[in-house]
$ cat protein_34.cif   # mmCIF, C-alpha atoms
data_work
#
loop_
_atom_site.label_atom_id
_atom_site.label_comp_id
_atom_site.auth_asym_id
_atom_site.auth_seq_id
_atom_site.Cartn_x
_atom_site.Cartn_y
_atom_site.Cartn_z
CA LYS A 1 4.96 -4.13 29.06
CA ASN A 2 8.44 -3.22 27.96
CA SER A 3 8.52 0.53 27.54
CA LYS A 4 12.02 0.39 26.04
CA LEU A 5 11.15 -2.04 23.25
CA ARG A 6 12.19 -0.80 19.80
CA SER A 7 11.26 -3.73 17.51
CA LEU A 8 8.46 -6.29 17.70
CA LEU A 9 8.04 -8.94 15.00
CA PHE A 10 5.54 -11.80 14.89
CA ILE A 11 6.39 -14.71 12.62
CA PRO A 12 3.46 -17.15 12.13
CA VAL A 13 4.39 -20.81 11.65
CA GLY A 14 2.27 -22.71 9.16
CA TYR A 15 -1.38 -21.75 9.58
CA SER A 16 -0.96 -20.49 13.13
CA ARG A 17 -2.46 -17.13 14.06
CA PHE A 18 -2.21 -14.97 17.14
CA SER A 19 -4.56 -12.48 18.72
CA MET A 20 -3.18 -9.02 19.37
CA GLY A 21 -4.29 -6.81 22.25
CA SER A 22 -5.02 -3.13 21.86
CA ASN A 23 -2.67 -1.50 24.34
CA PHE A 24 -0.03 -0.21 21.94
CA MET A 25 0.49 2.74 24.29
CA GLU A 26 2.63 0.48 26.50
CA LEU A 27 5.24 0.37 23.70
CA PRO A 28 5.82 4.08 23.05
CA LEU A 29 9.33 3.78 21.57
CA LEU A 30 8.60 1.16 18.90
CA ARG A 31 10.34 1.73 15.58
CA VAL A 32 9.52 -1.60 13.93
CA LEU A 33 6.18 -3.41 14.23
CA ASP A 34 5.47 -6.49 12.12
CA LEU A 35 1.93 -7.81 12.73
CA ARG A 36 1.75 -10.30 9.89
CA GLY A 37 -0.96 -12.88 10.44
CA ALA A 38 -2.43 -11.06 13.44
CA ARG A 39 -6.09 -11.19 14.46
CA PHE A 40 -7.85 -8.26 16.08
CA LYS A 41 -11.15 -8.16 17.92
CA GLY A 42 -13.93 -7.40 15.47
CA GLY A 43 -11.34 -7.11 12.70
CA LYS A 44 -10.47 -3.60 13.90
CA LEU A 45 -6.92 -2.36 14.20
CA PRO A 46 -6.93 -0.42 17.51
CA SER A 47 -6.81 3.36 17.19
CA SER A 48 -4.07 3.42 19.85
CA ILE A 49 -1.63 2.44 17.11
CA GLY A 50 -1.62 6.13 16.22
CA LYS A 51 0.30 6.74 19.45
CA LEU A 52 3.38 4.98 18.04
CA ILE A 53 4.70 8.16 16.47
CA HIS A 54 8.26 6.84 16.21
CA LEU A 55 7.33 3.92 13.94
CA LYS A 56 9.46 3.55 10.81
CA TYR A 57 8.16 0.13 9.74
CA LEU A 58 4.61 -1.25 9.98
CA SER A 59 3.40 -4.44 8.33
CA LEU A 60 -0.11 -5.89 8.42
CA TYR A 61 0.68 -8.51 5.78
CA GLN A 62 -1.94 -11.30 5.84
CA ALA A 63 -3.47 -9.85 9.03
CA SER A 64 -7.20 -10.34 9.63
CA VAL A 65 -8.24 -6.71 9.47
CA THR A 66 -11.35 -5.12 7.96
CA TYR A 67 -11.06 -1.70 9.59
CA LEU A 68 -8.17 0.75 9.74
CA PRO A 69 -8.37 3.70 12.16
CA SER A 70 -7.92 7.28 11.01
CA SER A 71 -5.27 7.65 13.73
CA LEU A 72 -2.81 6.02 11.29
CA ARG A 73 -2.29 9.53 9.91
CA ASN A 74 -0.23 10.28 13.02
CA LEU A 75 2.52 7.89 11.89
CA LYS A 76 4.38 10.55 9.95
CA SER A 77 7.81 8.93 10.34
CA LEU A 78 6.91 5.72 8.48
CA LEU A 79 9.31 4.58 5.78
CA TYR A 80 7.62 1.22 5.15
CA LEU A 81 3.87 0.47 5.27
CA ASN A 82 2.41 -2.86 4.16
CA LEU A 83 -1.40 -3.04 4.17
CA ARG A 84 -1.71 -6.21 2.13
CA ILE A 85 -4.16 -7.86 4.49
CA ASN A 86 -5.56 -11.39 4.43
CA SER A 87 -6.74 -12.22 0.92
CA GLY A 88 -10.48 -12.15 0.33
CA GLN A 89 -11.28 -9.60 3.02
CA LEU A 90 -12.68 -6.21 2.08
CA ILE A 91 -11.18 -3.35 4.02
CA ASN A 92 -12.09 0.29 4.41
CA VAL A 93 -8.96 2.39 3.95
CA PRO A 94 -9.28 5.91 5.36
CA ASN A 95 -7.49 8.78 3.66
CA VAL A 96 -4.49 8.82 6.02
CA PHE A 97 -1.48 9.07 3.69
CA LYS A 98 -1.35 12.79 3.03
CA GLU A 99 1.24 13.55 5.74
CA MET A 100 3.32 10.34 5.48
CA LEU A 101 5.91 12.27 3.54
CA GLU A 102 8.83 9.97 4.37
CA LEU A 103 7.30 6.78 2.93
CA ARG A 104 9.58 4.78 0.63
CA TYR A 105 7.44 1.63 0.39
CA LEU A 106 3.65 1.40 0.32
CA CYS A 107 1.58 -1.71 -0.36
CA LEU A 108 -2.18 -1.11 -0.45
CA PRO A 109 -4.92 -3.75 -0.04
CA LYS A 110 -6.12 -5.37 -3.26
CA GLU A 111 -9.81 -5.18 -2.32
CA THR A 112 -11.28 -2.17 -0.55
CA THR A 113 -14.63 -0.66 0.32
CA SER A 114 -13.24 2.86 0.51
CA LEU A 115 -15.83 5.54 -0.13
CA THR A 116 -13.34 8.36 -0.72
CA MET A 117 -10.40 8.69 -3.07
CA LEU A 118 -7.03 8.11 -1.45
CA GLU A 119 -4.73 11.13 -1.70
CA LEU A 120 -1.26 9.81 -2.53
CA GLY A 121 0.11 12.78 -4.44
CA ASN A 122 2.27 14.00 -1.52
CA LEU A 123 4.29 10.77 -1.33
CA LEU A 124 7.15 12.13 -3.40
CA LYS A 125 9.81 9.87 -1.86
CA LEU A 126 8.09 6.58 -2.71
CA GLU A 127 10.35 4.05 -4.40
CA LYS A 128 7.93 1.11 -4.39
CA LEU A 129 4.14 1.33 -4.71
CA MET A 130 2.09 -1.85 -4.83
CA ASN A 131 -1.62 -2.33 -5.66
CA PHE A 132 -2.25 1.25 -6.80
CA SER A 133 -5.93 1.05 -7.78
CA THR A 134 -7.55 3.24 -10.39
CA LYS A 135 -10.80 2.79 -8.45
CA ASP A 136 -9.43 4.36 -5.28
CA SER A 137 -6.77 6.79 -6.55
CA SER A 138 -6.21 9.39 -9.25
CA VAL A 139 -3.64 9.04 -12.04
CA THR A 140 -2.38 12.53 -11.22
CA ASP A 141 -1.08 11.16 -7.91
CA LEU A 142 1.63 9.34 -9.87
CA HIS A 143 2.99 12.49 -11.50
CA GLY A 144 5.10 13.56 -8.51
CA MET A 145 6.42 10.08 -7.68
CA THR A 146 9.51 10.46 -9.83
CA ARG A 147 11.61 8.22 -7.54
CA LEU A 148 9.43 5.14 -8.15
CA ARG A 149 11.39 2.04 -9.16
CA THR A 150 8.60 -0.53 -8.72
CA LEU A 151 4.91 0.02 -9.48
CA SER A 152 1.94 -2.32 -9.67
CA ILE A 153 -1.39 -0.95 -10.91
CA LEU A 154 -4.85 -2.51 -10.60
CA ILE A 155 -7.01 -1.28 -13.49
CA SER A 156 -10.65 -1.09 -12.42
CA GLY A 157 -13.60 0.74 -13.92
CA GLY A 158 -13.78 3.10 -16.89
CA GLY A 159 -11.71 6.10 -17.81
CA TRP A 160 -8.38 4.30 -17.94
CA GLY A 161 -7.07 3.31 -21.34
CA MET A 162 -3.51 2.42 -22.29
CA GLU A 163 -3.02 5.94 -23.65
CA THR A 164 -3.77 7.42 -20.23
CA LEU A 165 -1.49 4.90 -18.58
CA SER A 166 1.48 5.43 -20.91
CA SER A 167 1.16 9.18 -20.44
CA ALA A 168 1.41 8.79 -16.67
CA LEU A 169 4.34 6.39 -16.91
CA SER A 170 6.36 8.65 -19.16
CA ILE A 171 7.09 10.90 -16.17
CA LEU A 172 8.51 8.06 -14.04
CA GLY A 173 12.07 8.11 -15.33
CA HIS A 174 13.50 5.73 -12.69
CA LEU A 175 10.83 3.03 -13.06
CA GLU A 176 12.38 -0.44 -13.48
CA ASP A 177 9.57 -2.89 -12.67
CA LEU A 178 5.96 -2.41 -13.83
CA THR A 179 2.92 -4.66 -13.37
CA VAL A 180 -0.49 -3.80 -14.84
CA THR A 181 -3.40 -6.01 -13.77
CA PRO A 182 -6.94 -5.61 -15.15
CA THR A 183 -9.51 -6.60 -12.54
CA GLU A 184 -12.77 -8.41 -13.18
CA TYR A 185 -14.57 -5.07 -12.84
CA SER A 186 -12.54 -3.37 -15.53
CA VAL A 187 -14.43 -1.86 -18.45
CA GLN A 188 -11.44 -0.85 -20.57
CA PHE A 189 -9.69 -4.24 -20.39
CA LYS A 190 -12.12 -7.05 -21.07
CA LEU A 191 -9.79 -9.93 -21.93
CA PRO A 192 -8.94 -12.57 -19.32
CA LYS A 193 -5.77 -11.84 -17.37
CA LEU A 194 -3.84 -14.79 -18.78
CA ILE A 195 -4.20 -13.75 -22.42
CA TYR A 196 -4.21 -10.00 -21.95
CA ARG A 197 -1.49 -8.21 -23.90
CA PRO A 198 -1.62 -4.43 -23.70
CA MET A 199 -1.03 -2.42 -26.86
CA LEU A 200 0.73 0.76 -25.79
CA SER A 201 -0.02 3.67 -28.06
CA ASP A 202 3.31 5.42 -27.48
CA VAL A 203 5.96 2.87 -26.61
CA GLN A 204 8.65 5.52 -26.80
CA HIS A 205 7.07 7.23 -23.79
CA LEU A 206 7.78 4.25 -21.52
CA PRO A 207 10.45 4.94 -18.88
CA SER A 208 13.89 4.29 -20.34
CA HIS A 209 15.06 2.31 -17.27
CA LEU A 210 12.17 -0.19 -17.45
CA THR A 211 13.53 -3.76 -17.32
CA THR A 212 10.53 -5.86 -16.27
#

$ encode --input "protein_34.cif" --output "C-alpha cells"
Amino acid sequence: KNSKLRSLLFIPVGYSRFSMGSNFMELPLLRVLDLRGARFKGGKLPSSIGKLIHLKYLSLYQASVTYLPSSLRNLKSLLYLNLRINSGQLINVPNVFKEMLELRYLCLPKETTSLTMLELGNLLKLEKLMNFSTKDSSVTDLHGMTRLRTLSILISGGGWGMETLSSALSILGHLEDLTVTPTEYSVQFKLPKLIYRPMLSDVQHLPSHLTT
C-alpha cells in the first residue's frame, strides 16, 4: 500500500513462486512492474492492471497466466511488454495492441487460443518483436515496422511460403537478427526443426544489415 511506489520487481529464486493479489489500484504511479513467475487466482491477470496508465515496463515472463484482460489496452505508455508466459500454457490474447504506439519491445506468447487476429500494424516504433505468429497475425503488420532490429517468427498453417516471407523482410532495412521457426502445425514447412534449411527465393531482398 505504497501509493508513491514507482518500480516493483519480483525475482523468483529456484522454483519458488508467489501469488499476486489483484489490487493494482493501490499502486497508481507504477512505471515498472515485473511479475515474472507470478501466480494469479484462476490464472487470470486482474483487470485492474489497466488502471496503471503510467506503466512503461510490464513483464509476465514465466507467469502462470491463461487469461489476459482487455483493460491492457489502457496501457498506452508502455515501451516494453513481455507476455512470454509459463511454457506449456495456452493463453487467450485479446486484441489490445492497437493503441500501444510507444512500444519498442514486444514478446508474445508462443501458444495461444486467440480467436481473433492480433492487430500489430500500428506498432511503428517496435525495435524487437518476438514470437510473431502467422496463425495470429497478418504479414502486412510487418510492413510498417521499419525500425525492427530483432524479429522472431513462428510459421504456422498454410499461406506462408519463403517467397512471402522474403517479400515482407525486404522492407525491414534495419533488421539485424532474424529467427524463423516452423511449428508442428505448419503446412508449408514439413521438415523437422533441426534439419530445416530454408531456401529463400530472392536472397538479394534480405535486409542488408542482417547479421544473424

$ atom_distance --input "protein_34.cif" --atom1 "atom CA of A:Lys76" --atom2 "atom CA of A:Cys107"
16.3 Å

$ resolve_selection --input "protein_34.cif" --expression "the PyMOL selection byres ((chain A and resi 78) around 9)" --output "ChimeraX atom specification"
/A:31,53-58,75-77,79-81,100-104

$ resolve_selection --input "protein_34.cif" --expression "the PyMOL selection byres ((chain A and resi 146) around 7)" --output "count of residues only"
8

$ closest_residue --input "protein_34.cif" --among "A:Leu52, A:Val93, A:Leu60, A:Leu9" --to "A:Asn74" --atoms "all atoms listed in the file"
A:Leu52

$ closest_residue --input "protein_34.cif" --among "A:Ser64, A:Val32, A:Pro69, A:Phe24" --to "A:Arg6" --atoms "all atoms listed in the file"
A:Val32

$ atom_distance --input "protein_34.cif" --atom1 "atom CA of A:Leu154" --atom2 "atom CA of A:Thr183"
6.5 Å

$ residues_around --input "protein_34.cif" --residues "stretch 133-136 of chain A" --least-positions-apart "5" --cutoff "7 Å" --atoms "only C-alpha atoms" --output "list in words"
Met117, Leu118, Ile153, Leu154, Ile155, Ser156 and Gly157 of chain A

$ closest_residue --input "protein_34.cif" --among "A:Arg73, A:Lys110, A:Lys1, A:Lys128" --to "A:Pro182" --atoms "only C-alpha atoms"
A:Lys110

$ atom_distance --input "protein_34.cif" --atom1 "atom CA of A:Leu108" --atom2 "atom CA of A:Asn23"
24.8 Å

$ decode --input "protein_34.cif" --residues "stretch 19-168 of chain A" --atoms "C-alpha atoms" --output "compact mmCIF listing (two decimals), in the first residue's frame"
# COMPACT_ATOMS: atom_id res chain seq x y z
CA SER A 19 0.81 -15.36 -5.50
CA MET A 20 -0.13 -11.87 -6.57
CA GLY A 21 -3.20 -10.03 -5.31
CA SER A 22 -5.49 -8.06 -7.56
CA ASN A 23 -5.45 -4.58 -6.05
CA PHE A 24 -3.16 -2.85 -8.53
CA MET A 25 -5.15 0.34 -7.95
CA GLU A 26 -3.18 0.87 -4.72
CA LEU A 27 -0.05 1.46 -6.85
CA PRO A 28 -1.25 4.19 -9.23
CA LEU A 29 2.18 5.68 -10.04
CA LEU A 30 3.96 2.48 -11.07
CA ARG A 31 6.27 2.82 -14.06
CA VAL A 32 7.96 -0.58 -13.87
CA LEU A 33 6.19 -3.84 -12.99
CA ASP A 34 8.00 -7.16 -13.31
CA LEU A 35 5.71 -10.10 -12.44
CA ARG A 36 7.92 -12.92 -13.63
CA GLY A 37 6.93 -16.24 -12.10
CA ALA A 38 3.73 -14.86 -10.57
CA ARG A 39 0.59 -16.90 -9.95
CA PHE A 40 -2.89 -15.40 -10.20
CA LYS A 41 -6.18 -16.77 -8.95
CA GLY A 42 -7.78 -18.84 -11.68
CA GLY A 43 -4.89 -17.97 -13.98
CA LYS A 44 -6.46 -14.56 -14.64
CA LEU A 45 -4.46 -11.36 -14.70
CA PRO A 46 -6.71 -8.87 -12.83
CA SER A 47 -8.43 -6.27 -15.00
CA SER A 48 -7.35 -3.59 -12.51
CA ILE A 49 -3.92 -3.68 -14.15
CA GLY A 50 -5.46 -1.41 -16.78
CA LYS A 51 -5.51 1.34 -14.14
CA LEU A 52 -1.69 1.56 -14.19
CA ILE A 53 -1.71 4.06 -17.03
CA HIS A 54 1.81 5.30 -16.28
CA LEU A 55 3.45 1.89 -16.84
CA LYS A 56 6.46 1.89 -19.15
CA TYR A 57 7.61 -1.67 -18.46
CA LEU A 58 5.48 -4.78 -17.87
CA SER A 59 6.80 -8.34 -17.79
CA LEU A 60 4.78 -11.53 -17.29
CA TYR A 61 7.73 -13.77 -18.17
CA GLN A 62 7.10 -17.33 -16.94
CA ALA A 63 3.98 -16.19 -15.06
CA SER A 64 1.12 -18.67 -14.62
CA VAL A 65 -1.48 -16.85 -16.68
CA THR A 66 -4.12 -18.21 -19.06
CA TYR A 67 -6.26 -15.09 -19.35
CA LEU A 68 -5.33 -11.50 -20.21
CA PRO A 69 -7.90 -8.74 -19.63
CA SER A 70 -8.95 -6.37 -22.38
CA SER A 71 -8.11 -3.50 -20.00
CA LEU A 72 -4.45 -3.93 -21.06
CA ARG A 73 -5.33 -1.64 -23.97
CA ASN A 74 -5.29 1.25 -21.50
CA LEU A 75 -1.52 0.92 -21.02
CA LYS A 76 -0.71 3.29 -23.86
CA SER A 77 2.63 4.45 -22.41
CA LEU A 78 4.27 1.00 -22.47
CA LEU A 79 7.73 0.79 -24.00
CA TYR A 80 8.37 -2.84 -23.00
CA LEU A 81 5.81 -5.68 -22.85
CA ASN A 82 6.80 -9.30 -22.26
CA LEU A 83 3.94 -11.81 -22.49
CA ARG A 84 6.09 -14.92 -22.67
CA ILE A 85 4.15 -16.80 -20.03
CA ASN A 86 4.88 -20.16 -18.42
CA SER A 87 5.73 -22.69 -21.12
CA GLY A 88 3.03 -25.20 -21.99
CA GLN A 89 0.09 -23.00 -21.04
CA LEU A 90 -2.37 -21.84 -23.68
CA ILE A 91 -3.40 -18.23 -23.33
CA ASN A 92 -6.11 -16.14 -24.90
CA VAL A 93 -4.58 -12.86 -26.08
CA PRO A 94 -7.16 -10.12 -26.67
CA ASN A 95 -6.60 -7.58 -29.42
CA VAL A 96 -5.19 -4.85 -27.15
CA PHE A 97 -2.11 -3.59 -29.01
CA LYS A 98 -3.66 -1.14 -31.44
CA GLU A 99 -3.07 1.95 -29.27
CA MET A 100 0.27 0.93 -27.69
CA LEU A 101 2.02 3.24 -30.10
CA GLU A 102 5.14 3.76 -27.97
CA LEU A 103 6.13 0.07 -27.74
CA ARG A 104 9.78 -0.68 -28.51
CA TYR A 105 9.83 -4.31 -27.31
CA LEU A 106 7.04 -6.88 -27.59
CA CYS A 107 7.28 -10.57 -26.79
CA LEU A 108 4.10 -12.56 -27.50
CA PRO A 109 3.17 -15.98 -26.06
CA LYS A 110 4.29 -18.97 -28.11
CA GLU A 111 0.99 -20.83 -27.73
CA THR A 112 -2.35 -19.05 -27.85
CA THR A 113 -6.04 -19.80 -28.16
CA SER A 114 -6.83 -16.41 -29.65
CA LEU A 115 -9.96 -16.39 -31.77
CA THR A 116 -9.25 -13.06 -33.48
CA MET A 117 -6.25 -11.79 -35.41
CA LEU A 118 -3.97 -9.52 -33.43
CA GLU A 119 -3.63 -6.06 -34.96
CA LEU A 120 0.03 -5.08 -34.71
CA GLY A 121 0.29 -2.80 -37.73
CA ASN A 122 0.24 0.40 -35.64
CA LEU A 123 3.37 -0.51 -33.68
CA LEU A 124 5.67 1.52 -35.89
CA LYS A 125 8.30 2.16 -33.19
CA LEU A 126 8.97 -1.52 -32.42
CA GLU A 127 12.65 -2.45 -32.40
CA LYS A 128 12.28 -6.01 -31.12
CA LEU A 129 9.35 -8.35 -31.84
CA MET A 130 9.43 -11.90 -30.51
CA ASN A 131 7.13 -14.85 -31.32
CA PHE A 132 5.25 -13.14 -34.15
CA SER A 133 2.88 -15.93 -35.21
CA THR A 134 1.50 -16.33 -38.71
CA LYS A 135 -1.52 -18.02 -37.09
CA ASP A 136 -2.47 -14.96 -35.04
CA SER A 137 -1.17 -12.03 -37.13
CA SER A 138 -1.04 -10.80 -40.70
CA VAL A 139 2.18 -10.39 -42.71
CA THR A 140 1.07 -6.89 -43.64
CA ASP A 141 1.52 -5.88 -40.00
CA LEU A 142 5.28 -6.12 -40.53
CA HIS A 143 5.34 -3.63 -43.39
CA GLY A 144 5.29 -0.53 -41.18
CA MET A 145 7.77 -1.84 -38.60
CA THR A 146 10.78 -0.38 -40.36
CA ARG A 147 12.68 0.17 -37.08
CA LEU A 148 12.80 -3.55 -36.25
CA ARG A 149 16.27 -4.83 -35.38
CA THR A 150 15.26 -8.22 -33.95
CA LEU A 151 12.41 -10.42 -35.20
CA SER A 152 11.39 -13.98 -34.45
CA ILE A 153 8.59 -15.55 -36.50
CA LEU A 154 6.59 -18.70 -35.75
CA ILE A 155 5.39 -20.20 -39.04
CA SER A 156 2.08 -21.99 -38.54
CA GLY A 157 -0.58 -23.09 -41.01
CA GLY A 158 -0.79 -22.57 -44.76
CA GLY A 159 -0.38 -19.50 -46.88
CA TRP A 160 3.16 -18.71 -45.79
CA GLY A 161 5.97 -19.75 -48.10
CA MET A 162 9.53 -18.45 -48.16
CA GLU A 163 8.63 -16.16 -51.06
CA THR A 164 6.00 -14.42 -48.93
CA LEU A 165 8.43 -14.18 -46.05
CA SER A 166 11.33 -12.75 -48.05
CA SER A 167 9.00 -10.17 -49.57
CA ALA A 168 7.96 -8.99 -46.11
